[in-house]
$ cat entry.csv   # CSV, C-alpha atoms and all ligand atoms
chain,number,residue,atom,x,y,z
A,1,MET,CA,-20.8,-90.2,-219.9
A,2,ASN,CA,-18.0,-92.3,-218.5
A,3,ASN,CA,-20.4,-94.4,-216.5
A,4,GLU,CA,-22.5,-95.1,-219.5
A,5,LEU,CA,-19.5,-95.9,-221.6
A,6,LEU,CA,-18.3,-98.3,-218.8
A,7,THR,CA,-21.7,-100.1,-218.8
A,8,TYR,CA,-21.7,-100.3,-222.6
A,9,THR,CA,-18.2,-101.8,-222.6
A,10,LEU,CA,-19.0,-104.2,-219.9
A,11,ARG,CA,-22.0,-105.5,-221.9
A,12,ILE,CA,-19.7,-106.4,-224.8
A,13,ALA,CA,-17.1,-107.9,-222.5
A,14,ASP,CA,-19.7,-110.0,-220.6
A,15,ASN,CA,-21.2,-111.4,-223.8
A,16,SER,CA,-17.7,-112.6,-224.9
A,17,LEU,CA,-16.8,-114.0,-221.5
A,18,ILE,CA,-20.0,-115.9,-220.8
A,19,LEU,CA,-20.1,-117.4,-224.3
A,20,GLY,CA,-16.4,-118.2,-224.0
A,21,GLN,CA,-17.0,-120.0,-220.7
A,22,ARG,CA,-19.9,-122.0,-222.3
A,23,MET,CA,-17.6,-123.0,-225.2
A,24,SER,CA,-14.9,-124.0,-222.8
A,25,GLU,CA,-17.3,-126.6,-221.4
A,26,TRP,CA,-16.9,-128.4,-224.7
A,27,CYS,CA,-13.2,-129.0,-224.1
A,28,SER,CA,-12.6,-132.7,-224.0
A,29,LYS,CA,-16.3,-133.4,-224.7
A,30,GLY,CA,-16.6,-132.5,-228.4
A,31,PRO,CA,-18.3,-134.9,-230.7
A,32,THR,CA,-15.1,-135.4,-232.7
A,33,LEU,CA,-11.5,-134.4,-232.0
A,34,GLU,CA,-11.6,-131.7,-234.7
A,35,GLU,CA,-14.8,-130.2,-233.1
A,36,ASP,CA,-13.3,-130.4,-229.7
A,37,ILE,CA,-10.4,-128.3,-230.9
A,38,ALA,CA,-12.6,-125.9,-232.9
A,39,LEU,CA,-14.9,-125.2,-230.0
A,40,SER,CA,-12.0,-124.7,-227.6
A,41,ASN,CA,-10.3,-122.4,-230.1
A,42,ILE,CA,-13.5,-120.3,-230.3
A,43,SER,CA,-13.6,-120.2,-226.6
A,44,LEU,CA,-10.0,-118.8,-226.5
A,45,ASP,CA,-10.9,-116.2,-229.1
A,46,LEU,CA,-13.8,-115.1,-227.0
A,47,PHE,CA,-11.8,-115.0,-223.8
A,48,GLY,CA,-9.2,-112.9,-225.6
A,49,GLN,CA,-11.9,-110.5,-226.8
A,50,ALA,CA,-13.4,-110.3,-223.4
A,51,ASN,CA,-9.9,-109.5,-221.9
A,52,GLY,CA,-9.5,-106.6,-224.3
A,53,PHE,CA,-12.9,-105.1,-223.4
A,54,TYR,CA,-12.4,-105.7,-219.7
A,55,SER,CA,-9.0,-104.0,-219.8
A,56,TYR,CA,-10.7,-100.9,-221.3
A,57,ALA,CA,-13.6,-101.2,-218.7
A,58,SER,CA,-11.0,-101.4,-216.0
A,59,GLN,CA,-9.4,-98.2,-217.2
A,60,LEU,CA,-12.8,-96.5,-217.3
A,61,ASP,CA,-13.6,-97.8,-213.9
A,62,GLY,CA,-10.3,-96.7,-212.4
A,63,ASN,CA,-10.7,-99.1,-209.5
A,64,LYS,CA,-11.3,-102.7,-210.5
A,65,SER,CA,-8.9,-104.9,-212.4
A,66,PRO,CA,-10.0,-106.9,-215.4
A,67,ASP,CA,-9.9,-110.0,-213.2
A,68,ASP,CA,-12.1,-108.3,-210.5
A,69,LEU,CA,-14.6,-107.5,-213.2
A,70,ALA,CA,-14.7,-111.1,-214.4
A,71,PHE,CA,-14.5,-113.0,-211.1
A,72,LEU,CA,-15.9,-110.7,-208.4
A,73,ARG,CA,-19.2,-109.6,-209.8
A,74,ASN,CA,-22.5,-111.3,-209.0
A,75,GLU,CA,-25.2,-112.4,-211.4
A,76,ARG,CA,-27.2,-109.2,-211.4
A,77,GLU,CA,-24.0,-107.2,-212.1
A,78,PHE,CA,-23.5,-109.1,-215.4
A,79,PHE,CA,-24.9,-107.4,-218.5
A,80,ASN,CA,-24.6,-110.1,-221.1
A,81,GLN,CA,-27.5,-111.1,-223.3
A,82,GLN,CA,-29.4,-114.2,-222.0
A,83,ILE,CA,-28.8,-116.1,-225.3
A,84,VAL,CA,-25.1,-116.5,-224.5
A,85,GLU,CA,-25.7,-118.0,-221.0
A,86,LEU,CA,-28.1,-120.7,-222.1
A,87,GLU,CA,-26.8,-124.2,-221.4
A,88,ASN,CA,-25.1,-126.1,-224.2
A,89,ILE,CA,-27.4,-129.2,-223.9
A,90,ASP,CA,-26.1,-131.0,-227.0
A,91,PHE,CA,-23.9,-130.2,-230.0
A,92,GLY,CA,-26.8,-129.3,-232.2
A,93,ASN,CA,-28.3,-126.9,-229.6
A,94,THR,CA,-24.9,-125.2,-229.2
A,95,ILE,CA,-24.6,-124.8,-233.0
A,96,VAL,CA,-28.1,-123.3,-233.2
A,97,ARG,CA,-27.4,-120.8,-230.4
A,98,ASN,CA,-24.0,-119.9,-231.8
A,99,PHE,CA,-25.2,-119.4,-235.3
A,100,LEU,CA,-28.0,-117.1,-234.2
A,101,TYR,CA,-25.6,-115.1,-232.0
A,102,ASP,CA,-22.6,-115.2,-234.3
A,103,SER,CA,-24.7,-113.7,-237.1
A,104,TYR,CA,-25.6,-110.8,-234.8
A,105,ASN,CA,-22.1,-110.5,-233.4
A,106,PHE,CA,-20.6,-110.3,-236.8
A,107,LEU,CA,-22.9,-107.4,-237.7
A,108,PHE,CA,-22.4,-105.8,-234.4
A,109,TYR,CA,-18.6,-105.6,-234.7
A,110,SER,CA,-18.9,-104.6,-238.4
A,111,SER,CA,-20.7,-101.6,-237.1
A,112,LEU,CA,-18.7,-101.0,-233.9
A,113,LYS,CA,-15.5,-100.8,-235.9
A,114,ASN,CA,-16.6,-97.4,-237.1
A,115,SER,CA,-17.0,-96.2,-233.5
A,116,LYS,CA,-15.6,-92.7,-232.7
A,117,ASP,CA,-14.1,-94.3,-229.6
A,118,ASP,CA,-10.7,-95.4,-230.7
A,119,THR,CA,-10.4,-98.3,-228.3
A,120,LEU,CA,-13.8,-99.8,-229.1
A,121,SER,CA,-13.1,-99.4,-232.7
A,122,ALA,CA,-9.7,-101.2,-232.5
A,123,LEU,CA,-11.1,-104.0,-230.4
A,124,ALA,CA,-14.1,-104.4,-232.8
A,125,SER,CA,-11.8,-104.6,-235.9
A,126,LYS,CA,-9.7,-107.2,-234.2
A,127,SER,CA,-12.7,-109.3,-232.9
A,128,LEU,CA,-14.5,-109.1,-236.3
A,129,LYS,CA,-11.7,-111.1,-238.0
A,130,GLU,CA,-12.2,-113.9,-235.5
A,131,VAL,CA,-16.0,-113.8,-235.4
A,132,LYS,CA,-16.1,-114.2,-239.2
A,133,TYR,CA,-14.6,-117.7,-238.6
A,134,HIS,CA,-17.0,-118.4,-235.8
A,135,LEU,CA,-19.9,-117.6,-238.0
A,136,ARG,CA,-18.6,-119.7,-240.9
A,137,HIS,CA,-18.2,-122.6,-238.5
A,138,SER,CA,-21.6,-122.5,-236.9
A,139,LYS,CA,-23.3,-121.8,-240.2
A,140,ASN,CA,-21.7,-124.7,-242.0
A,141,TRP,CA,-22.6,-127.0,-239.2
A,142,LEU,CA,-26.2,-125.8,-239.1
A,143,ILE,CA,-26.6,-126.6,-242.8
A,144,ARG,CA,-25.1,-130.1,-242.3
A,145,LEU,CA,-27.3,-130.9,-239.3
A,146,GLY,CA,-30.5,-129.4,-240.8
A,147,ASP,CA,-30.0,-131.0,-244.1
A,148,GLY,CA,-28.6,-134.1,-242.5
A,149,THR,CA,-30.5,-137.1,-241.1
A,150,GLU,CA,-34.1,-137.1,-240.0
A,151,PHE,CA,-32.8,-137.2,-236.4
A,152,SER,CA,-30.3,-134.3,-236.6
A,153,LYS,CA,-32.9,-132.2,-238.4
A,154,GLU,CA,-35.5,-132.8,-235.8
A,155,LYS,CA,-33.0,-132.0,-233.0
A,156,VAL,CA,-31.8,-128.7,-234.4
A,157,GLN,CA,-35.4,-127.6,-235.4
A,158,LYS,CA,-36.4,-128.1,-231.8
A,159,SER,CA,-33.4,-126.1,-230.5
A,160,LEU,CA,-34.3,-123.3,-233.0
A,161,GLU,CA,-37.8,-123.2,-231.6
A,162,SER,CA,-36.6,-123.0,-228.0
A,163,ILE,CA,-33.8,-120.5,-228.5
A,164,TRP,CA,-35.7,-118.2,-230.8
A,165,GLN,CA,-37.3,-116.2,-227.9
A,166,TYR,CA,-33.8,-115.1,-226.8
A,167,THR,CA,-32.9,-113.5,-230.2
A,168,HIS,CA,-35.2,-110.4,-230.0
A,169,ASP,CA,-33.2,-108.8,-227.3
A,170,MET,CA,-30.1,-108.5,-229.5
A,171,PHE,CA,-31.9,-105.7,-231.4
A,172,SER,CA,-33.3,-103.8,-228.5
A,173,MET,CA,-32.1,-100.2,-227.6
A,174,ASP,CA,-32.3,-98.8,-224.1
A,175,GLU,CA,-31.2,-95.4,-222.8
A,176,ILE,CA,-27.5,-96.3,-222.7
A,177,ASP,CA,-27.6,-97.8,-226.2
A,178,ASN,CA,-29.3,-94.7,-227.5
A,179,LYS,CA,-26.9,-92.3,-225.9
A,180,MET,CA,-23.9,-94.2,-227.1
A,181,TYR,CA,-25.4,-94.3,-230.6
A,182,ARG,CA,-26.1,-90.6,-230.6
A,183,LEU,CA,-22.5,-89.9,-229.7
A,184,ASN,CA,-21.3,-92.1,-232.6
A,185,ILE,CA,-19.7,-94.4,-230.0
A,186,GLY,CA,-22.2,-97.3,-230.0
A,187,VAL,CA,-24.2,-99.3,-232.5
A,188,ASN,CA,-27.8,-99.0,-233.4
A,189,ASN,CA,-28.8,-102.6,-232.7
A,190,SER,CA,-32.2,-102.2,-234.4
A,191,ASN,CA,-30.5,-101.3,-237.6
A,192,LEU,CA,-28.8,-104.7,-237.6
A,193,LYS,CA,-32.1,-106.6,-237.8
A,194,VAL,CA,-32.7,-106.4,-241.6
A,195,GLU,CA,-29.3,-107.9,-242.4
A,196,TRP,CA,-29.5,-110.5,-239.6
A,197,ASP,CA,-32.9,-111.6,-241.0
A,198,ARG,CA,-31.3,-112.0,-244.4
A,199,ILE,CA,-28.5,-114.2,-243.1
A,200,ILE,CA,-30.8,-116.3,-241.0
A,201,ASN,CA,-33.5,-116.8,-243.7
A,202,GLU,CA,-30.9,-117.7,-246.4
A,203,THR,CA,-29.2,-120.2,-244.1
A,204,LEU,CA,-32.4,-121.7,-242.8
A,205,ILE,CA,-33.6,-122.3,-246.4
A,206,GLU,CA,-30.3,-124.0,-247.3
A,207,ALA,CA,-30.4,-126.0,-244.1
A,208,LYS,CA,-34.1,-127.0,-244.9
A,209,LEU,CA,-35.2,-125.7,-241.5
A,210,VAL,CA,-38.3,-123.6,-240.7
A,211,ARG,CA,-37.9,-120.2,-239.2
A,212,PRO,CA,-39.9,-120.1,-235.9
A,213,LYS,CA,-42.7,-117.6,-235.4
A,214,ASP,CA,-41.9,-114.6,-233.2
A,215,GLY,CA,-43.5,-115.2,-229.8
A,216,TYR,CA,-42.4,-114.6,-226.3
A,217,ASN,CA,-39.5,-112.1,-226.0
A,218,ALA,CA,-37.0,-113.1,-223.3
A,219,LYS,CA,-35.3,-109.8,-222.4
A,220,GLY,CA,-33.3,-107.9,-219.8
A,221,GLY,CA,-29.9,-109.5,-219.9
A,222,LYS,CA,-28.2,-106.2,-220.6
A,223,ASN,CA,-29.8,-104.8,-217.4
A,224,GLY,CA,-28.7,-107.7,-215.2
A,225,MET,CA,-31.9,-109.8,-215.5
A,226,HIS,CA,-30.8,-113.4,-216.2
A,227,THR,CA,-32.0,-117.0,-216.6
A,228,GLU,CA,-31.4,-119.5,-213.9
A,229,HIS,CA,-28.4,-120.8,-215.9
A,230,LEU,CA,-26.1,-117.9,-215.3
A,231,GLY,CA,-25.7,-118.4,-211.5
A,232,PHE,CA,-24.4,-122.0,-212.0
A,233,LEU,CA,-22.0,-120.9,-214.7
A,234,LEU,CA,-20.6,-118.1,-212.5
A,235,ALA,CA,-20.4,-120.5,-209.5
A,236,GLU,CA,-18.1,-122.7,-211.5
A,237,MET,CA,-16.1,-120.0,-213.3
A,238,GLN,CA,-15.6,-117.8,-210.1
A,239,PHE,CA,-15.1,-120.6,-207.6
A,240,LEU,CA,-11.4,-120.4,-207.3
A,241,GLN,CA,-11.1,-116.6,-206.9
A,242,ARG,CA,-13.9,-116.7,-204.4
A,243,ALA,CA,-12.5,-119.5,-202.4
A,244,TYR,CA,-8.9,-118.4,-202.6
A,245,PRO,CA,-8.9,-114.6,-203.1
A,246,ASN,CA,-6.1,-113.3,-205.2
A,247,ALA,CA,-4.9,-116.8,-206.1
A,248,LYS,CA,-2.5,-116.8,-209.0
A,249,TRP,CA,-0.8,-119.4,-211.2
B,1,MET,CA,22.9,-92.8,-230.9
B,2,GLN,CA,19.4,-94.1,-230.0
B,3,SER,CA,18.6,-95.0,-233.6
B,4,GLY,CA,21.6,-97.4,-233.6
B,5,LYS,CA,20.4,-98.9,-230.4
B,6,ILE,CA,16.9,-99.3,-231.8
B,7,LYS,CA,18.3,-101.1,-234.8
B,8,GLU,CA,20.2,-103.4,-232.4
B,9,ILE,CA,17.0,-104.2,-230.5
B,10,TRP,CA,15.1,-105.0,-233.7
B,11,LYS,CA,18.0,-107.4,-234.5
B,12,LEU,CA,17.8,-108.9,-231.0
B,13,LEU,CA,14.1,-109.5,-231.2
B,14,ASP,CA,14.5,-111.1,-234.6
B,15,SER,CA,16.3,-113.8,-232.7
B,16,VAL,CA,13.4,-114.5,-230.4
B,17,PRO,CA,11.5,-117.4,-231.8
B,18,ASP,CA,7.7,-117.7,-232.0
B,19,PRO,CA,6.9,-120.1,-229.1
B,20,GLU,CA,4.7,-122.3,-231.2
B,21,ILE,CA,6.4,-122.0,-234.6
B,22,PRO,CA,10.1,-121.8,-233.7
B,23,VAL,CA,11.4,-121.4,-237.2
B,24,ILE,CA,10.1,-117.9,-237.4
B,25,SER,CA,10.9,-115.0,-235.1
B,26,VAL,CA,8.4,-112.7,-233.4
B,27,VAL,CA,9.6,-109.9,-235.8
B,28,GLU,CA,8.9,-112.1,-238.8
B,29,LEU,CA,5.5,-113.0,-237.4
B,30,GLY,CA,4.7,-109.3,-237.4
B,31,VAL,CA,3.8,-109.0,-233.7
B,32,VAL,CA,6.5,-106.4,-232.9
B,33,ARG,CA,5.0,-103.3,-234.4
B,34,ASN,CA,7.3,-100.5,-233.3
B,35,ILE,CA,10.3,-99.6,-231.2
B,36,SER,CA,11.0,-96.0,-230.2
B,37,PHE,CA,12.8,-94.2,-227.4
B,38,THR,CA,10.9,-91.8,-225.1
B,39,ASN,CA,11.1,-91.0,-221.4
B,40,ASN,CA,14.5,-92.6,-221.1
B,41,ALA,CA,13.1,-96.0,-222.1
B,42,TYR,CA,12.7,-98.1,-225.3
B,43,GLN,CA,9.0,-98.4,-226.0
B,44,ILE,CA,8.2,-101.7,-227.7
B,45,LEU,CA,4.7,-102.0,-229.2
B,46,ILE,CA,3.3,-105.5,-229.6
B,47,THR,CA,0.1,-106.7,-231.2
B,48,PRO,CA,-1.4,-110.1,-230.6
B,49,THR,CA,-2.1,-112.4,-233.6
B,50,TYR,CA,-5.5,-113.6,-232.3
B,51,SER,CA,-7.2,-112.0,-229.3
B,52,GLY,CA,-6.9,-115.1,-227.3
B,53,CYS,CA,-3.6,-116.3,-228.5
B,54,PRO,CA,-2.1,-118.1,-225.5
B,55,ALA,CA,1.4,-117.5,-226.8
B,56,VAL,CA,1.2,-113.7,-226.2
B,57,LYS,CA,2.3,-113.9,-222.6
B,58,THR,CA,5.1,-116.3,-223.5
B,59,PHE,CA,6.5,-114.1,-226.2
B,60,ILE,CA,6.4,-111.0,-224.0
B,61,ASP,CA,8.3,-113.0,-221.4
B,62,ASP,CA,10.8,-114.2,-224.0
B,63,ILE,CA,11.3,-110.6,-225.3
B,64,LYS,CA,11.9,-109.4,-221.8
B,65,SER,CA,14.5,-112.0,-221.0
B,66,CYS,CA,16.2,-111.6,-224.4
B,67,LEU,CA,16.7,-107.8,-223.7
B,68,LYS,CA,17.8,-108.4,-220.1
B,69,THR,CA,20.3,-111.0,-221.2
B,70,ASN,CA,21.7,-108.3,-223.5
B,71,LYS,CA,21.9,-105.8,-220.7
B,72,ILE,CA,19.0,-103.7,-221.8
B,73,PHE,CA,16.8,-102.9,-218.8
B,74,ASN,CA,15.1,-99.6,-219.7
B,75,PHE,CA,12.2,-100.7,-221.8
B,76,ASP,CA,8.4,-100.9,-221.6
B,77,ILE,CA,6.3,-103.3,-223.6
B,78,LYS,CA,2.8,-102.2,-224.5
B,79,ILE,CA,0.1,-104.2,-226.2
B,80,ILE,CA,-1.8,-102.4,-229.0
B,81,TYR,CA,-4.8,-103.6,-231.0
B,82,ALA,CA,-4.9,-101.2,-234.0
B,83,PRO,CA,-4.1,-101.8,-236.7
B,84,ALA,CA,-5.3,-105.4,-236.2
B,85,TRP,CA,-2.7,-108.1,-237.0
B,86,THR,CA,-2.8,-109.5,-240.5
B,87,THR,CA,-0.9,-112.3,-242.3
B,88,ASP,CA,-0.2,-109.7,-245.0
B,89,TRP,CA,2.7,-108.5,-242.8
B,90,MET,CA,4.6,-111.8,-243.4
B,91,SER,CA,7.3,-111.5,-246.0
B,92,VAL,CA,7.7,-114.0,-248.9
B,93,GLU,CA,10.8,-115.4,-247.1
B,94,THR,CA,8.9,-115.9,-243.9
B,95,LYS,CA,6.2,-117.8,-245.8
B,96,GLU,CA,8.8,-120.0,-247.4
B,97,LYS,CA,10.2,-120.8,-243.9
B,98,LEU,CA,6.7,-121.9,-242.8
B,99,ARG,CA,6.3,-124.1,-245.9
B,100,LYS,CA,9.7,-125.8,-245.3
B,101,TYR,CA,8.6,-126.4,-241.7
B,102,GLY,CA,5.5,-128.2,-243.0
B,103,ILE,CA,2.9,-125.5,-242.5
B,104,SER,CA,1.0,-124.3,-245.6
B,105,PRO,CA,1.7,-120.5,-245.6
B,106,PRO,CA,-1.2,-117.9,-245.6
B,107,SER,CA,-2.5,-117.6,-249.1
B,108,ASN,CA,-6.0,-117.6,-250.7
B,109,LYS,CA,-5.0,-120.8,-252.4
B,110,VAL,CA,-4.2,-123.6,-250.0
B,111,VAL,CA,-1.2,-125.6,-251.2
B,112,CYS,CA,0.2,-128.8,-249.7
B,113,PRO,CA,3.5,-128.0,-248.1
B,114,GLN,CA,4.8,-131.5,-249.0
B,115,CYS,CA,4.0,-131.9,-252.7
B,116,ASN,CA,2.8,-128.4,-253.7
B,117,SER,CA,-0.5,-129.7,-255.0
B,118,SER,CA,-3.5,-127.5,-254.6
B,119,ASN,CA,-5.8,-130.5,-254.7
B,120,THR,CA,-6.6,-130.4,-251.0
B,121,VAL,CA,-9.6,-130.7,-248.7
B,122,LEU,CA,-10.5,-128.8,-245.6
B,123,VAL,CA,-10.8,-131.1,-242.5
B,124,SER,CA,-11.5,-128.4,-239.9
B,125,GLU,CA,-11.6,-124.6,-239.8
B,126,PHE,CA,-9.6,-124.8,-236.6
B,127,GLY,CA,-6.2,-126.5,-236.2
B,128,ALA,CA,-4.0,-127.0,-233.2
B,129,THR,CA,-3.8,-123.3,-232.7
B,130,ALA,CA,-6.3,-120.5,-233.5
B,131,CYS,CA,-4.1,-119.2,-236.4
B,132,LYS,CA,-4.2,-122.5,-238.3
B,133,SER,CA,-6.8,-124.6,-240.1
B,134,PHE,CA,-6.5,-128.3,-240.7
B,135,HIS,CA,-6.4,-129.9,-244.2
B,136,LYS,CA,-5.6,-133.1,-246.1
B,137,CYS,CA,-3.8,-133.4,-249.4
B,138,SER,CA,-5.7,-135.4,-252.0
B,139,GLU,CA,-2.5,-136.1,-254.0
B,140,CYS,CA,0.1,-137.3,-251.5
B,141,LEU,CA,-2.6,-137.9,-248.8
B,142,GLU,CA,-0.6,-136.1,-246.1
B,143,PRO,CA,-2.5,-134.2,-243.5
B,144,PHE,CA,-1.2,-130.6,-242.9
B,145,GLU,CA,-1.9,-127.3,-241.3
B,146,HIS,CA,-2.6,-124.1,-243.1
B,147,PHE,CA,-1.8,-120.7,-241.6
B,148,LYS,CA,-5.1,-118.9,-242.0
B,149,CYS,CA,-5.3,-115.6,-243.9
B,150,ILE,CA,-6.6,-112.9,-241.7
C,1,ZN,ZN,0.5,-133.2,-251.0

$ encode --input "entry.csv" --output "structure tokens"
Amino acid sequence: MNNELLTYTLRIADNSLILGQRMSEWCSKGPTLEEDIALSNISLDLFGQANGFYSYASQLDGNKSPDDLAFLRNEREFFNQQIVELENIDFGNTIVRNFLYDSYNFLFYSSLKNSKDDTLSALASKSLKEVKYHLRHSKNWLIRLGDGTEFSKEKVQKSLESIWQYTHDMFSMDEIDNKMYRLNIGVNNSNLKVEWDRIINETLIEAKLVRPKDGYNAKGGKNGMHTEHLGFLLAEMQFLQRAYPNAKW
Amino acid sequence: MQSGKIKEIWKLLDSVPDPEIPVISVVELGVVRNISFTNNAYQILITPTYSGCPAVKTFIDDIKSCLKTNKIFNFDIKIIYAPAWTTDWMSVETKEKLRKYGISPPSNKVVCPQCNSSNTVLVSEFGATACKSFHKCSECLEPFEHFKCI
């Protein structure tokens, strides 16, 4: 059980860390000063959430520190969903990805806060308060960009089409998910789909965007299968600890 | 005897300022949750405002040095996550201190800290720190930060 709980916790931590790292790439490159600050703050929230889940994973593991877990694992040992590792590309693309993921993340934590595992439940309640703001931010921007100019609309519609294939895996259930759910520790992801569809459909109508058709299903992130983007992200994020082991500042 | 000492520690910590908003203390902010005495040490429970609040490490260091300066060495500081921090823990007096300092205090109705007008517009959901959003007053035209309600 402990091993499965560890993997389950790492999946949550990895989602937060990798998206947090992506958001940190916006620091000093935001389209406006306010957005620069917003995206950097979102990044900080995500790093904080990741730290909470890694601290718990570290306890369960008994051997590795939270920093070891973040900086000394390789690509195939990361269990985040592929959607969070996708490159930012441009502001509109980041907003689309974040909106699709934030909507899921909001529902995920809303459910995880009822976990029988006290630590997961506490971390979920805490994270949920912050993710509500993240969702409000990405949702409002998606509406502005979709219902904005011809140019902004075309750009976000294109991003929607290209990112859509990564959304299906958010609702998948594997053996570990099923076991955690049966023990009332984990979330039944497939149950989140109805509400997620509602949020997405409502917002897309308001943003005057078209919901893409379901097609290819890019999956496997939670089992360590990743896109080519994750390796580059880790190379940058882990460089210092790899080049100067145990470096501190 | 311990209960007197615990009261003293509460008082000491009430003199430790929030590193980012120095007009209120870490006790007023609500991050110090409990102080007790077990295993020959004072157990101090702290909860972060936001998960990623960069001030957490600073206020833990500040609490440590405050206690050590006052010759208290037998203490442990533990971070807890439940119940999650909420702005509801701030007293009316604390909110008034924030307003005087120029920060619109947490409330469902955003009010300009300069002229008390509620005729304001949101500039950004995220201000200079995670706990604040950024607004502009439509009456006196001053920009200001609002402590978000969470
Ligand atoms: Zn005013």

$ atom_distance --input "entry.csv" --atom1 "atom CA of Leu86 of chain A" --atom2 "atom CA of Gly231 of chain A"
11.1 Å

$ residues_near_ligand --input "entry.csv" --ligand "ligand ZN 1 (chain C)" --cutoff "7 Å" --atoms "all atoms listed in the file" --output "list in words"
Cys112, Pro113, Gln114, Cys115, Asn116, Ser117, Cys137, Ser138, Glu139, Cys140, Leu141 and Glu142 of chain B

$ residues_near_point --input "entry.csv" --point "(-26.7, -127.6, -222.7)" --cutoff "12 Å" --atoms "all atoms listed in the file" --output "PyMOL selection string"
chain A and resi 22-23+25-26+83-97+159+163+229+233

$ closest_atom_pairs --input "entry.csv" --of "chain B" --to "chain A" --cutoff "9 Å" --atoms "all atoms listed in the file" --output "CSV"
residue,atom,partner,partner_atom,distance
B:Tyr50,CA,A:Asp45,CA,6.8
B:Ser51,CA,A:Gly48,CA,4.3
B:Gly52,CA,A:Gly48,CA,3.6
B:Cys53,CA,A:Leu44,CA,7.2
B:Pro54,CA,A:Leu44,CA,8.0
B:Ile80,CA,A:Ala122,CA,8.7
B:Tyr81,CA,A:Ala122,CA,5.7
B:Ala82,CA,A:Ala122,CA,5.0
B:Pro83,CA,A:Ala122,CA,7.0
B:Ala84,CA,A:Lys126,CA,5.2
B:Trp85,CA,A:Lys126,CA,7.6
B:Val123,CA,A:Glu34,CA,7.9
B:Ser124,CA,A:Glu34,CA,6.2
B:Glu125,CA,A:His137,CA,7.0
B:Phe126,CA,A:Ala38,CA,4.9
B:Gly127,CA,A:Ile37,CA,7.0
B:Ala128,CA,A:Ile37,CA,6.9
B:Thr129,CA,A:Asn41,CA,7.1
B:Ala130,CA,A:Asn41,CA,5.6
B:Phe134,CA,A:Glu34,CA,8.6
B:Ile150,CA,A:Lys129,CA,6.6

$ residues_around --input "entry.csv" --residues "His168 of chain A" --least-positions-apart "4" --cutoff "9 Å" --atoms "all atoms listed in the file" --output "NGL selection string"
:A and (164 or 172 or 214 or 217-219)

$ atom_distance --input "entry.csv" --atom1 "atom CA of Ile200 of chain A" --atom2 "atom CA of Lys109 of chain B"
28.6 Å

$ atom_distance --input "entry.csv" --atom1 "atom CA of Phe59 of chain B" --atom2 "atom CA of Ser104 of chain B"
22.6 Å

$ closest_residue --input "entry.csv" --among "B:Pro143, B:Pro106, B:Pro48, B:Gly4" --to "Val26 of chain B" --atoms "all atoms listed in the file"
B:Pro48

$ residues_around --input "entry.csv" --residues "segment 66-71 of chain B" --least-positions-apart "4" --cutoff "9 Å" --atoms "all atoms listed in the file" --output "CSV table (one decimal) with C-alpha atoms, in the coordinates of the input"
chain,number,residue,atom,x,y,z
B,9,ILE,CA,17.0,-104.2,-230.5
B,12,LEU,CA,17.8,-108.9,-231.0
B,13,LEU,CA,14.1,-109.5,-231.2
B,15,SER,CA,16.3,-113.8,-232.7
B,16,VAL,CA,13.4,-114.5,-230.4
B,61,ASP,CA,8.3,-113.0,-221.4
B,62,ASP,CA,10.8,-114.2,-224.0
B,75,PHE,CA,12.2,-100.7,-221.8

$ residues_around --input "entry.csv" --residues "Leu204 of chain A" --least-positions-apart "3" --cutoff "10 Å" --atoms "all atoms listed in the file" --output "compact mmCIF listing (two decimals) with C-alpha atoms, in the frame of the given file"
# COMPACT_ATOMS: atom_id res chain seq x y z
CA LYS A 139 -23.30 -121.80 -240.20
CA LEU A 142 -26.20 -125.80 -239.10
CA ILE A 143 -26.60 -126.60 -242.80
CA GLY A 146 -30.50 -129.40 -240.80
CA ASP A 147 -30.00 -131.00 -244.10
CA GLN A 157 -35.40 -127.60 -235.40
CA ARG A 198 -31.30 -112.00 -244.40
CA ILE A 199 -28.50 -114.20 -243.10
CA ILE A 200 -30.80 -116.30 -241.00
CA ASN A 201 -33.50 -116.80 -243.70
CA ALA A 207 -30.40 -126.00 -244.10
CA LYS A 208 -34.10 -127.00 -244.90
CA LEU A 209 -35.20 -125.70 -241.50
CA VAL A 210 -38.30 -123.60 -240.70
CA ARG A 211 -37.90 -120.20 -239.20

$ residues_around --input "entry.csv" --residues "Met225 of chain A" --least-positions-apart "2" --cutoff "10 Å" --atoms "only C-alpha atoms" --output "list in words"
Glu75, Arg76, Glu77, Phe78, Phe79, Asn80, Gln81, Gln82, Ala218, Lys219, Gly220, Gly221, Lys222, Asn223, Thr227, Glu228 and Leu230 of chain A

$ closest_residue --input "entry.csv" --among "B:Lys5, B:Arg33, B:Lys97, B:Lys57" --to "Asn74 of chain B" --atoms "only C-alpha atoms"
B:Lys5

$ closest_residue --input "entry.csv" --among "B:Val56, B:Thr49, B:Ser3, B:Ser133" --to "Ile35 of chain B" --atoms "all atoms listed in the file"
B:Ser3

$ residues_around --input "entry.csv" --residues "Phe144 of chain B" --least-positions-apart "6" --cutoff "7 Å" --atoms "all atoms listed in the file" --output "PyMOL selection string"
chain B and resi 103+134-136

$ closest_residue --input "entry.csv" --among "A:Asp197, A:Glu206, A:Glu4, A:Asp102" --to "Gly148 of chain A" --atoms "all atoms listed in the file"
A:Glu206

$ closest_residue --input "entry.csv" --among "B:Ala55, B:Ser91, B:Ser118, B:Lys148" --to "Ile21 of chain B" --atoms "only C-alpha atoms"
B:Ala55
